[in-house]
file model-v2.txt (compact mmCIF, C-alpha atoms)
# COMPACT_ATOMS: atom_id res chain seq x y z
CA MET A 1 166.52 -49.45 24.16
CA HIS A 2 168.12 -49.86 20.75
CA TYR A 3 168.11 -53.65 21.21
CA LEU A 4 164.35 -53.58 21.65
CA ILE A 5 163.91 -51.38 18.56
CA SER A 6 166.07 -53.71 16.48
CA VAL A 7 164.15 -56.79 17.67
CA VAL A 8 160.86 -55.06 16.80
CA GLY A 9 162.37 -54.21 13.41
CA LEU A 10 163.28 -57.89 12.91
CA VAL A 11 159.69 -58.93 13.64
CA ILE A 12 158.35 -56.28 11.23
CA VAL A 13 160.66 -57.44 8.40
CA LEU A 14 159.58 -61.06 8.86
CA LEU A 15 155.94 -59.91 8.95
CA LEU A 16 156.37 -57.91 5.72
CA ALA A 17 157.83 -61.00 4.05
CA TRP A 18 154.96 -63.13 5.43
CA LEU A 19 152.34 -60.72 4.05
CA ALA A 20 153.85 -61.11 0.55
CA SER A 21 154.08 -64.91 0.81
CA ASN A 22 152.80 -67.00 -2.09
CA ASN A 23 151.72 -69.81 0.22
CA LYS A 24 151.70 -69.09 3.95
CA ARG A 25 150.78 -72.67 4.84
CA LYS A 26 153.98 -74.09 3.29
CA ILE A 27 156.37 -71.85 5.23
CA LYS A 28 158.89 -73.98 7.18
CA TYR A 29 159.64 -72.01 10.34
CA ARG A 30 162.32 -74.25 11.85
CA PRO A 31 164.99 -73.59 9.14
CA ILE A 32 164.16 -69.86 9.30
CA ILE A 33 164.74 -69.71 13.07
CA ILE A 34 167.97 -71.73 12.71
CA MET A 35 169.28 -69.37 10.01
CA ILE A 36 168.48 -66.25 12.08
CA VAL A 37 170.42 -67.77 14.98
CA ILE A 38 173.29 -68.56 12.58
CA GLN A 39 173.25 -64.95 11.36
CA LEU A 40 173.48 -63.64 14.92
CA ALA A 41 176.26 -66.09 15.80
CA LEU A 42 178.30 -65.31 12.69
CA GLY A 43 177.76 -61.58 13.14
CA LEU A 44 178.98 -61.76 16.72
CA MET A 45 182.00 -63.81 15.68
CA ILE A 46 182.95 -61.40 12.89
CA LEU A 47 182.51 -58.15 14.82
CA LYS A 48 182.99 -59.04 18.47
CA THR A 49 185.66 -61.76 18.78
CA SER A 50 189.42 -61.94 18.31
CA ILE A 51 188.89 -64.79 15.84
CA GLY A 52 186.65 -62.58 13.73
CA GLU A 53 189.13 -59.71 13.97
CA PHE A 54 191.93 -62.03 12.83
CA LEU A 55 189.88 -63.35 9.88
CA ILE A 56 188.75 -59.88 8.82
CA LYS A 57 192.31 -58.57 9.00
CA GLY A 58 193.51 -61.47 6.85
CA PHE A 59 190.68 -60.94 4.36
CA ALA A 60 191.24 -57.17 4.22
CA ASP A 61 195.03 -57.51 3.90
CA SER A 62 194.60 -60.04 1.08
CA PHE A 63 192.30 -57.72 -0.83
CA SER A 64 194.59 -54.78 -0.12
CA LYS A 65 197.48 -56.66 -1.72
CA LEU A 66 195.30 -57.71 -4.66
CA LEU A 67 194.24 -54.09 -5.17
CA GLY A 68 197.90 -53.12 -5.05
CA TYR A 69 198.66 -55.59 -7.83
CA ALA A 70 195.66 -54.29 -9.78
CA ASN A 71 196.93 -50.73 -9.43
CA GLU A 72 200.25 -51.76 -10.96
CA GLY A 73 198.40 -52.44 -14.20
CA THR A 74 196.32 -49.28 -13.85
CA ASN A 75 199.38 -47.11 -13.26
CA PHE A 76 201.19 -48.65 -16.21
CA VAL A 77 198.36 -47.76 -18.61
CA PHE A 78 196.97 -44.59 -17.03
CA GLY A 79 199.99 -43.32 -15.06
CA GLY A 80 200.19 -39.54 -15.03
CA ILE A 81 196.48 -38.95 -15.72
CA ALA A 82 195.63 -38.53 -12.03
CA ASN A 83 197.35 -35.80 -10.05
CA GLU A 84 199.84 -37.10 -7.50
CA GLY A 85 198.04 -37.92 -4.26
CA ALA A 86 194.60 -37.74 -5.91
CA HIS A 87 192.15 -40.63 -5.78
CA THR A 88 190.40 -40.96 -9.12
CA PHE A 89 187.31 -43.12 -8.75
CA PHE A 90 187.48 -44.70 -12.20
CA LEU A 91 191.18 -45.56 -11.94
CA PHE A 92 191.42 -46.76 -8.36
CA VAL A 93 187.92 -48.13 -7.65
CA LEU A 94 186.58 -49.37 -10.98
CA MET A 95 189.74 -50.47 -12.81
CA PRO A 96 190.64 -53.11 -10.17
CA ILE A 97 187.47 -54.93 -11.24
CA VAL A 98 189.37 -55.95 -14.39
CA PHE A 99 192.12 -57.61 -12.37
CA MET A 100 189.66 -59.28 -9.97
CA SER A 101 187.66 -60.63 -12.90
CA ALA A 102 190.83 -62.12 -14.40
CA LEU A 103 191.68 -63.75 -11.05
CA ILE A 104 188.20 -65.29 -10.82
CA GLY A 105 188.62 -66.57 -14.37
CA ILE A 106 191.86 -68.35 -13.42
CA LEU A 107 190.21 -69.97 -10.39
CA GLN A 108 187.30 -71.03 -12.59
CA HIS A 109 189.59 -72.40 -15.30
CA TYR A 110 191.39 -74.69 -12.87
CA LYS A 111 188.07 -75.88 -11.33
CA ILE A 112 188.90 -74.42 -7.92
CA LEU A 113 185.83 -72.16 -7.62
CA PRO A 114 183.32 -74.72 -8.97
CA PHE A 115 184.54 -77.21 -6.35
CA ILE A 116 184.20 -74.66 -3.51
CA ILE A 117 180.81 -73.42 -4.69
CA LYS A 118 179.34 -76.89 -5.13
CA TYR A 119 180.26 -78.22 -1.70
CA ILE A 120 179.44 -75.06 0.23
CA GLY A 121 176.07 -75.17 -1.54
CA LEU A 122 175.55 -78.79 -0.51
CA VAL A 123 176.25 -77.96 3.14
CA LEU A 124 173.90 -74.96 3.04
CA SER A 125 171.10 -77.04 1.54
CA LYS A 126 171.12 -79.15 4.71
CA VAL A 127 170.56 -76.01 6.80
CA ASN A 128 168.15 -73.90 4.76
CA GLY A 129 165.62 -76.60 3.84
CA MET A 130 165.87 -75.65 0.15
CA GLY A 131 167.07 -77.53 -2.91
CA LYS A 132 170.70 -78.08 -3.88
CA LEU A 133 170.29 -75.90 -6.98
CA GLU A 134 169.02 -72.95 -4.92
CA SER A 135 171.92 -73.31 -2.48
CA TYR A 136 174.49 -73.69 -5.26
CA ASN A 137 173.08 -70.64 -7.05
CA ALA A 138 173.26 -68.42 -3.95
CA VAL A 139 176.93 -69.24 -3.33
CA ALA A 140 177.80 -68.96 -7.02
CA ALA A 141 176.06 -65.57 -7.34
CA ALA A 142 178.09 -64.24 -4.41
CA ILE A 143 181.33 -65.24 -6.15
CA VAL A 144 180.92 -64.99 -9.92
CA GLY A 145 178.16 -62.35 -10.08
CA GLN A 146 174.44 -62.00 -10.72
CA ASN A 147 174.66 -62.37 -14.50
CA GLU A 148 177.31 -65.06 -14.85
CA VAL A 149 175.60 -67.39 -12.37
CA PHE A 150 172.70 -68.01 -14.77
CA ILE A 151 175.11 -69.17 -17.46
CA SER A 152 176.42 -71.89 -15.12
CA VAL A 153 172.89 -73.34 -14.66
CA LYS A 154 171.80 -72.82 -18.26
CA ASN A 155 171.00 -76.53 -18.72
CA GLN A 156 168.27 -76.37 -16.06
CA LEU A 157 167.09 -72.80 -16.57
CA GLY A 158 164.43 -73.59 -19.17
CA LEU A 159 162.98 -76.43 -17.06
CA LEU A 160 162.50 -74.51 -13.82
CA PRO A 161 159.00 -73.65 -12.59
CA LYS A 162 158.21 -70.05 -11.67
CA HIS A 163 158.71 -70.48 -7.91
CA ARG A 164 162.22 -71.93 -8.22
CA LEU A 165 163.16 -69.30 -10.81
CA TYR A 166 162.14 -66.58 -8.33
CA THR A 167 164.45 -67.98 -5.66
CA LEU A 168 167.41 -68.13 -8.06
CA CYS A 169 166.86 -64.52 -9.16
CA ALA A 170 166.32 -63.33 -5.58
CA SER A 171 169.68 -64.84 -4.56
CA ALA A 172 171.40 -63.06 -7.44
CA MET A 173 169.93 -59.69 -6.46
CA SER A 174 170.60 -60.10 -2.72
CA THR A 175 174.34 -60.70 -3.05
CA VAL A 176 177.30 -59.00 -4.72
CA SER A 177 180.09 -60.28 -6.93
CA MET A 178 183.53 -60.98 -5.47
CA SER A 179 185.02 -59.05 -8.39
CA ILE A 180 183.49 -55.86 -6.95
CA VAL A 181 184.16 -56.52 -3.26
CA GLY A 182 187.63 -54.97 -3.46
CA SER A 183 186.09 -51.77 -4.85
CA TYR A 184 183.65 -51.62 -1.94
CA MET A 185 186.54 -51.97 0.51
CA THR A 186 188.08 -48.75 -0.78
CA MET A 187 184.99 -46.90 0.49
CA LEU A 188 183.65 -48.94 3.44
CA GLU A 189 185.29 -50.72 6.37
CA PRO A 190 186.24 -54.27 5.29
CA LYS A 191 184.64 -55.88 8.35
CA TYR A 192 181.22 -54.57 7.34
CA VAL A 193 181.70 -55.71 3.75
CA VAL A 194 182.55 -59.24 4.92
CA ALA A 195 179.68 -59.26 7.43
CA ALA A 196 177.22 -58.21 4.72
CA LEU A 197 178.42 -60.92 2.32
CA ILE A 198 177.76 -63.64 4.89
CA LEU A 199 174.55 -62.23 6.36
CA ASN A 200 173.01 -61.61 2.93
CA LEU A 201 173.65 -65.22 1.93
CA PHE A 202 171.55 -66.52 4.82
CA GLY A 203 169.15 -63.57 4.66
CA GLY A 204 168.34 -64.43 1.06
CA PHE A 205 167.34 -67.95 2.11
CA ILE A 206 165.26 -66.63 5.03
CA ILE A 207 163.23 -64.11 3.01
CA ALA A 208 162.80 -66.45 0.03
CA SER A 209 161.63 -69.23 2.38
CA ILE A 210 158.85 -66.93 3.62
CA ILE A 211 157.85 -65.12 0.41
CA ASN A 212 158.23 -68.13 -1.85
CA PRO A 213 157.93 -71.42 0.10
CA TYR A 214 157.84 -74.74 -1.75
CA GLU A 215 158.97 -78.34 -1.59
CA VAL A 216 161.64 -79.78 -3.89
CA THR A 217 161.28 -83.49 -4.69
CA ALA A 218 164.25 -85.85 -4.79
CA GLU A 219 163.90 -86.07 -8.59
CA GLU A 220 164.07 -82.28 -8.92
CA ASP A 221 166.86 -81.81 -6.37
CA ILE A 222 169.82 -81.96 -8.75
CA VAL A 223 172.45 -79.51 -9.91
CA GLU A 224 173.64 -79.62 -13.51
CA VAL A 225 176.41 -77.08 -13.84
CA ARG A 226 177.16 -76.17 -17.42
CA GLU A 227 180.77 -76.81 -18.31
CA GLU A 228 182.48 -74.07 -20.27
CA GLY A 229 183.63 -74.91 -23.77
CA LYS A 230 187.23 -76.00 -24.09
CA GLN A 231 189.42 -72.93 -24.03
CA THR A 232 193.13 -72.41 -23.74
CA PHE A 233 194.34 -70.55 -20.68
CA PHE A 234 194.98 -67.33 -22.58
CA GLU A 235 191.65 -67.46 -24.42
CA MET A 236 189.91 -67.71 -21.05
CA LEU A 237 192.08 -64.99 -19.51
CA GLY A 238 191.40 -62.57 -22.35
CA GLU A 239 187.66 -63.23 -22.09
CA TYR A 240 187.52 -62.60 -18.34
CA ILE A 241 189.66 -59.48 -18.62
CA MET A 242 187.30 -58.07 -21.24
CA ASP A 243 184.29 -59.02 -19.11
CA GLY A 244 185.80 -57.20 -16.13
CA PHE A 245 186.48 -54.14 -18.28
CA LYS A 246 182.88 -54.16 -19.52
CA VAL A 247 181.62 -54.25 -15.93
CA ALA A 248 183.90 -51.34 -14.96
CA ILE A 249 182.75 -49.29 -17.96
CA VAL A 250 179.06 -50.07 -17.35
CA VAL A 251 179.35 -49.10 -13.66
CA GLY A 252 181.23 -45.93 -14.61
CA VAL A 253 178.69 -44.90 -17.25
CA MET A 254 175.80 -45.64 -14.89
CA LEU A 255 177.44 -43.44 -12.25
CA VAL A 256 177.88 -40.58 -14.72
CA GLY A 257 174.19 -40.77 -15.57
CA PHE A 258 172.78 -41.40 -12.09
CA VAL A 259 174.94 -38.86 -10.26
CA GLY A 260 174.17 -36.22 -12.90
CA ILE A 261 170.41 -36.92 -12.84
CA ILE A 262 170.28 -36.89 -9.04
CA ALA A 263 172.22 -33.59 -8.99
CA LEU A 264 169.69 -32.15 -11.47
CA ILE A 265 166.69 -33.33 -9.43
CA ASN A 266 168.31 -32.06 -6.23
CA GLY A 267 168.77 -28.66 -7.87
CA VAL A 268 165.14 -28.53 -9.05
CA PHE A 269 163.81 -29.56 -5.62
CA SER A 270 166.08 -27.09 -3.83
CA GLY A 271 164.98 -24.27 -6.12
CA ILE A 272 161.26 -25.01 -5.75
CA PHE A 273 160.89 -26.46 -2.26
CA GLY A 274 164.06 -25.31 -0.52
CA ILE A 275 165.12 -28.93 0.16
CA SER A 276 166.95 -31.41 -2.05
CA PHE A 277 165.33 -34.55 -3.47
CA GLN A 278 167.66 -36.69 -1.36
CA GLY A 279 166.64 -34.64 1.65
CA VAL A 280 162.99 -35.51 0.97
CA LEU A 281 163.90 -39.18 0.57
CA GLY A 282 165.76 -38.97 3.86
CA TYR A 283 162.59 -37.98 5.68
CA VAL A 284 160.58 -40.68 3.87
CA PHE A 285 163.09 -43.41 4.76
CA ALA A 286 163.90 -42.10 8.26
CA PRO A 287 161.35 -44.39 9.97
CA ILE A 288 162.88 -47.41 8.19
CA ALA A 289 166.37 -46.34 9.26
CA PHE A 290 165.13 -45.94 12.84
CA MET A 291 163.44 -49.36 12.69
CA ILE A 292 166.69 -51.10 11.77
CA GLY A 293 168.52 -49.51 14.69
CA VAL A 294 169.80 -46.08 13.55
CA PRO A 295 169.47 -43.43 16.31
CA TRP A 296 166.61 -41.05 15.49
CA HIS A 297 168.83 -37.95 15.28
CA GLU A 298 170.78 -39.65 12.44
CA ALA A 299 167.82 -41.37 10.78
CA VAL A 300 167.24 -38.72 8.10
CA HIS A 301 170.86 -38.83 6.89
CA ALA A 302 170.88 -42.62 6.94
CA GLY A 303 167.49 -42.79 5.23
CA SER A 304 168.73 -40.55 2.42
CA ILE A 305 171.66 -42.89 1.72
CA MET A 306 169.43 -45.96 1.86
CA ALA A 307 166.92 -44.41 -0.55
CA THR A 308 169.71 -43.39 -2.94
CA LYS A 309 170.91 -46.98 -3.06
CA LEU A 310 167.42 -48.23 -3.89
CA VAL A 311 166.61 -45.71 -6.65
CA ALA A 312 170.13 -45.51 -8.12
CA ASN A 313 172.69 -48.14 -7.06
CA GLU A 314 175.07 -49.00 -4.24
CA PHE A 315 178.04 -47.14 -5.76
CA VAL A 316 176.14 -43.84 -5.95
CA ALA A 317 174.99 -44.31 -2.36
CA MET A 318 178.50 -45.20 -1.16
CA LEU A 319 179.95 -42.08 -2.76
CA ASP A 320 177.43 -39.96 -0.83
CA PHE A 321 177.93 -42.00 2.33
CA VAL A 322 181.70 -41.48 2.30
CA LYS A 323 181.10 -37.71 2.43
CA ILE A 324 179.05 -37.86 5.65
CA GLN A 325 180.11 -41.00 7.54
CA ASP A 326 182.73 -39.19 9.65
CA GLY A 327 179.87 -37.24 11.23
CA LEU A 328 177.84 -40.36 12.04
CA SER A 329 178.09 -42.67 15.04
CA GLY A 330 179.85 -46.02 14.74
CA ARG A 331 176.51 -47.79 15.11
CA THR A 332 174.92 -45.92 12.20
CA THR A 333 178.02 -46.42 10.06
CA ALA A 334 177.90 -50.18 10.66
CA ILE A 335 174.17 -50.50 9.92
CA VAL A 336 174.18 -48.37 6.77
CA SER A 337 177.39 -49.97 5.46
CA VAL A 338 175.87 -53.45 5.67
CA PHE A 339 172.62 -52.25 4.09
CA LEU A 340 174.51 -50.91 1.06
CA ILE A 341 176.24 -54.22 0.19
CA SER A 342 173.81 -55.79 -2.28
CA PHE A 343 172.47 -55.36 -5.81
CA ALA A 344 168.94 -54.57 -4.53
CA ASN A 345 167.97 -51.57 -6.68
CA PHE A 346 165.61 -50.83 -9.56
CA GLY A 347 168.38 -51.13 -12.15
CA SER A 348 169.09 -54.72 -11.11
CA ILE A 349 165.60 -55.77 -12.24
CA GLY A 350 166.55 -54.95 -15.82
CA THR A 351 169.98 -56.53 -15.42
CA ILE A 352 168.61 -59.86 -14.18
CA VAL A 353 165.75 -59.92 -16.69
CA GLY A 354 168.26 -59.28 -19.47
CA ALA A 355 170.62 -61.99 -18.25
CA VAL A 356 167.89 -64.65 -18.06
CA LYS A 357 166.21 -63.53 -21.29
CA GLY A 358 169.52 -63.81 -23.13
CA LEU A 359 169.63 -67.50 -22.19
CA ASN A 360 165.91 -68.33 -22.34
CA GLU A 361 163.43 -65.76 -23.62
CA LYS A 362 160.37 -67.44 -22.11
CA GLN A 363 161.91 -67.57 -18.63
CA GLY A 364 163.14 -63.99 -19.02
CA ASN A 365 159.55 -62.84 -19.60
CA ILE A 366 158.45 -64.68 -16.47
CA VAL A 367 161.17 -62.95 -14.44
CA ALA A 368 160.04 -59.57 -15.80
CA ARG A 369 156.53 -60.19 -14.44
CA PHE A 370 157.73 -60.64 -10.86
CA GLY A 371 160.49 -58.03 -11.09
CA LEU A 372 159.06 -55.70 -8.43
CA LYS A 373 158.43 -58.58 -6.03
CA LEU A 374 162.04 -59.60 -6.62
CA LEU A 375 163.24 -56.14 -5.59
CA TYR A 376 160.87 -56.16 -2.59
CA GLY A 377 162.36 -59.42 -1.32
CA ALA A 378 165.97 -58.40 -1.98
CA THR A 379 165.43 -55.09 -0.15
CA LEU A 380 164.04 -56.98 2.84
CA VAL A 381 167.23 -59.08 2.81
CA SER A 382 169.33 -55.89 3.04
CA VAL A 383 167.13 -54.56 5.85
CA LEU A 384 167.34 -57.90 7.69
CA SER A 385 171.16 -57.95 7.49
CA ALA A 386 171.31 -54.36 8.75
CA ILE A 387 168.99 -55.24 11.66
CA ILE A 388 171.19 -58.19 12.65
CA ILE A 389 174.18 -55.81 12.79
CA GLY A 390 172.09 -53.38 14.83
CA ILE A 391 171.27 -56.10 17.35
CA ILE A 392 174.87 -57.24 17.87
CA PHE A 393 176.70 -53.90 17.54
call {"tool": "encode", "arguments": {"input": "model-v2.txt", "output": "structure tokens"}}
result
Amino acid sequence: MHYLISVVGLVIVLLLAWLASNNKRKIKYRPIIIMIVIQLALGLMILKTSIGEFLIKGFADSFSKLLGYANEGTNFVFGGIANEGAHTFFLFVLMPIVFMSALIGILQHYKILPFIIKYIGLVLSKVNGMGKLESYNAVAAAIVGQNEVFISVKNQLGLLPKHRLYTLCASAMSTVSMSIVGSYMTMLEPKYVVAALILNLFGGFIIASIINPYEVTAEEDIVEVREEGKQTFFEMLGEYIMDGFKVAIVVGVMLVGFVGIIALINGVFSGIFGISFQGVLGYVFAPIAFMIGVPWHEAVHAGSIMATKLVANEFVAMLDFVKIQDGLSGRTTAIVSVFLISFANFGSIGTIVGAVKGLNEKQGNIVARFGLKLLYGATLVSVLSAIIIGIIF
């Protein structure tokens, strides 16, 4: 029965994207069908085969070792602050972002990441029916982050028409940065984090192809990646370390504010209505949770987590999810985990608008105008990825 529900959910998501389409006549259905099949095949490989198990174990072990190295630096600076055996969120979840950012900087400096991003993007462009720039941007956003990716295409940013700009921003909101992936793995099962990274990449192309279809001419289909100014190794390293620290601080401060505000609203709702605000959201989002494959008796709890991610951010939702996931079925845990791995929330609208506006004010204003449609599309990507997991679980 749950297979049927998930398939119906898949049709509904595609229909919701179709209803919001800018030009229904230009939608190319063949690449969309191919990418859905690829999602199902990759999902099955990751979660249901020995090859996938081997790859996930290697990926998880690698990140575990990297987090161990990161914690060496954290313990050296902050050792003794946390009680022995305690798990302080800021120290052991956010501080590793600094180390991961530095590692990405090194791979960027020696042209390893740009090479990987460029050629993966070229391969994807043959599958998704989109331009090379759109494919490059999606891969780059998943590795370097939703803000930094716009810097790398700064040369073309001011020349892009509105429809191509939407696709670039949608890709940035639908993915997550590799510098944060290790932090997610401290709260969620690594196999679901990896599955979400891959499914969201193709899901972003699928939803954007429906909501925002267009043709790219041969003259337009170029990628001009901006080369960083000449820096010495240690100049670069210092810059990336500081960037990672800024991200960790921003995430930490946002959590302080969001968690506190949500606790306040929960208290007010509980005092007046006898049910928390998140409890209300759970009932509102329960049908959506059920549609993507969550059993009905767990739909309210899952819906509450999903809604928290949308109105706050994925970290706030993960912190709440960790508290209740032991009481949920494996199926619900898989679906909700995959749904949480993206930057699709209201705060990301401001983040992306700010990033683009900092590079080109005119284009930033254009992005601000379609901000809600951007969030709509990115949320559908998260729902689509969760449905795919529901189908193959």
call {"tool": "atom_distance", "arguments": {"input": "model-v2.txt", "atom1": "atom CA of Leu159 of chain A", "atom2": "atom CA of Glu215 of chain A"}}
result
16.1 Å
call {"tool": "residues_around", "arguments": {"input": "model-v2.txt", "residues": "Asn365 of chain A", "least_positions_apart": "4", "cutoff": "9 Å", "atoms": "only C-alpha atoms", "output": "JSON, numbers by chain"}}
result
{"A": [353, 356, 357, 360, 361, 369]}
call {"tool": "atom_distance", "arguments": {"input": "model-v2.txt", "atom1": "atom CA of Val193 of chain A", "atom2": "atom CA of Leu66 of chain A"}}
result
16.1 Å
call {"tool": "residues_around", "arguments": {"input": "model-v2.txt", "residues": "Ala41 of chain A", "least_positions_apart": "2", "cutoff": "12 Å", "atoms": "only C-alpha atoms", "output": "MDAnalysis selection string"}}
result
chainID A and resid 34:39 43:49 52 195 198:199 202 388:389 391:392
call {"tool": "residues_near_point", "arguments": {"input": "model-v2.txt", "point": "(168.0, -53.3, 17.0)", "cutoff": "7 Å", "atoms": "only C-alpha atoms", "output": "VMD selection string"}}
result
chain A and resid 2 to 7 9 292 to 293 387 390 to 391
call {"tool": "atom_distance", "arguments": {"input": "model-v2.txt", "atom1": "atom CA of Ala17 of chain A", "atom2": "atom CA of Ala170 of chain A"}}
result
13.0 Å
call {"tool": "axis_aligned_box", "arguments": {"input": "model-v2.txt", "around": "segment 12-21 of chain A", "padding_each_side": "8 Å", "output": "lines of an AutoDock Vina configuration file"}}
result
center_x = 156.5
center_y = -60.6
center_z = 5.9
size_x = 24.3
size_y = 24.6
size_z = 26.7
call {"tool": "residues_around", "arguments": {"input": "model-v2.txt", "residues": "Leu124 of chain A", "least_positions_apart": "3", "cutoff": "12 Å", "atoms": "all atoms listed in the file", "output": "compact mmCIF listing (two decimals) with C-alpha atoms, in the coordinates of the input"}}
result
# COMPACT_ATOMS: atom_id res chain seq x y z
CA PRO A 31 164.99 -73.59 9.14
CA ILE A 34 167.97 -71.73 12.71
CA MET A 35 169.28 -69.37 10.01
CA ILE A 38 173.29 -68.56 12.58
CA ILE A 117 180.81 -73.42 -4.69
CA LYS A 118 179.34 -76.89 -5.13
CA TYR A 119 180.26 -78.22 -1.70
CA ILE A 120 179.44 -75.06 0.23
CA GLY A 121 176.07 -75.17 -1.54
CA VAL A 127 170.56 -76.01 6.80
CA ASN A 128 168.15 -73.90 4.76
CA GLY A 129 165.62 -76.60 3.84
CA MET A 130 165.87 -75.65 0.15
CA GLY A 131 167.07 -77.53 -2.91
CA LYS A 132 170.70 -78.08 -3.88
CA LEU A 133 170.29 -75.90 -6.98
CA GLU A 134 169.02 -72.95 -4.92
CA SER A 135 171.92 -73.31 -2.48
CA TYR A 136 174.49 -73.69 -5.26
CA ASN A 137 173.08 -70.64 -7.05
CA ALA A 138 173.26 -68.42 -3.95
CA VAL A 139 176.93 -69.24 -3.33
CA LEU A 201 173.65 -65.22 1.93
CA PHE A 202 171.55 -66.52 4.82
CA PHE A 205 167.34 -67.95 2.11
call {"tool": "residues_around", "arguments": {"input": "model-v2.txt", "residues": "Lys373 of chain A", "least_positions_apart": "5", "cutoff": "12 Å", "atoms": "only C-alpha atoms", "output": "VMD selection string"}}
result
chain A and resid 16 to 17 19 to 22 166 to 167 169 to 170 173 207 to 208 211 to 212 344 to 346 349 367 to 368 378 to 380
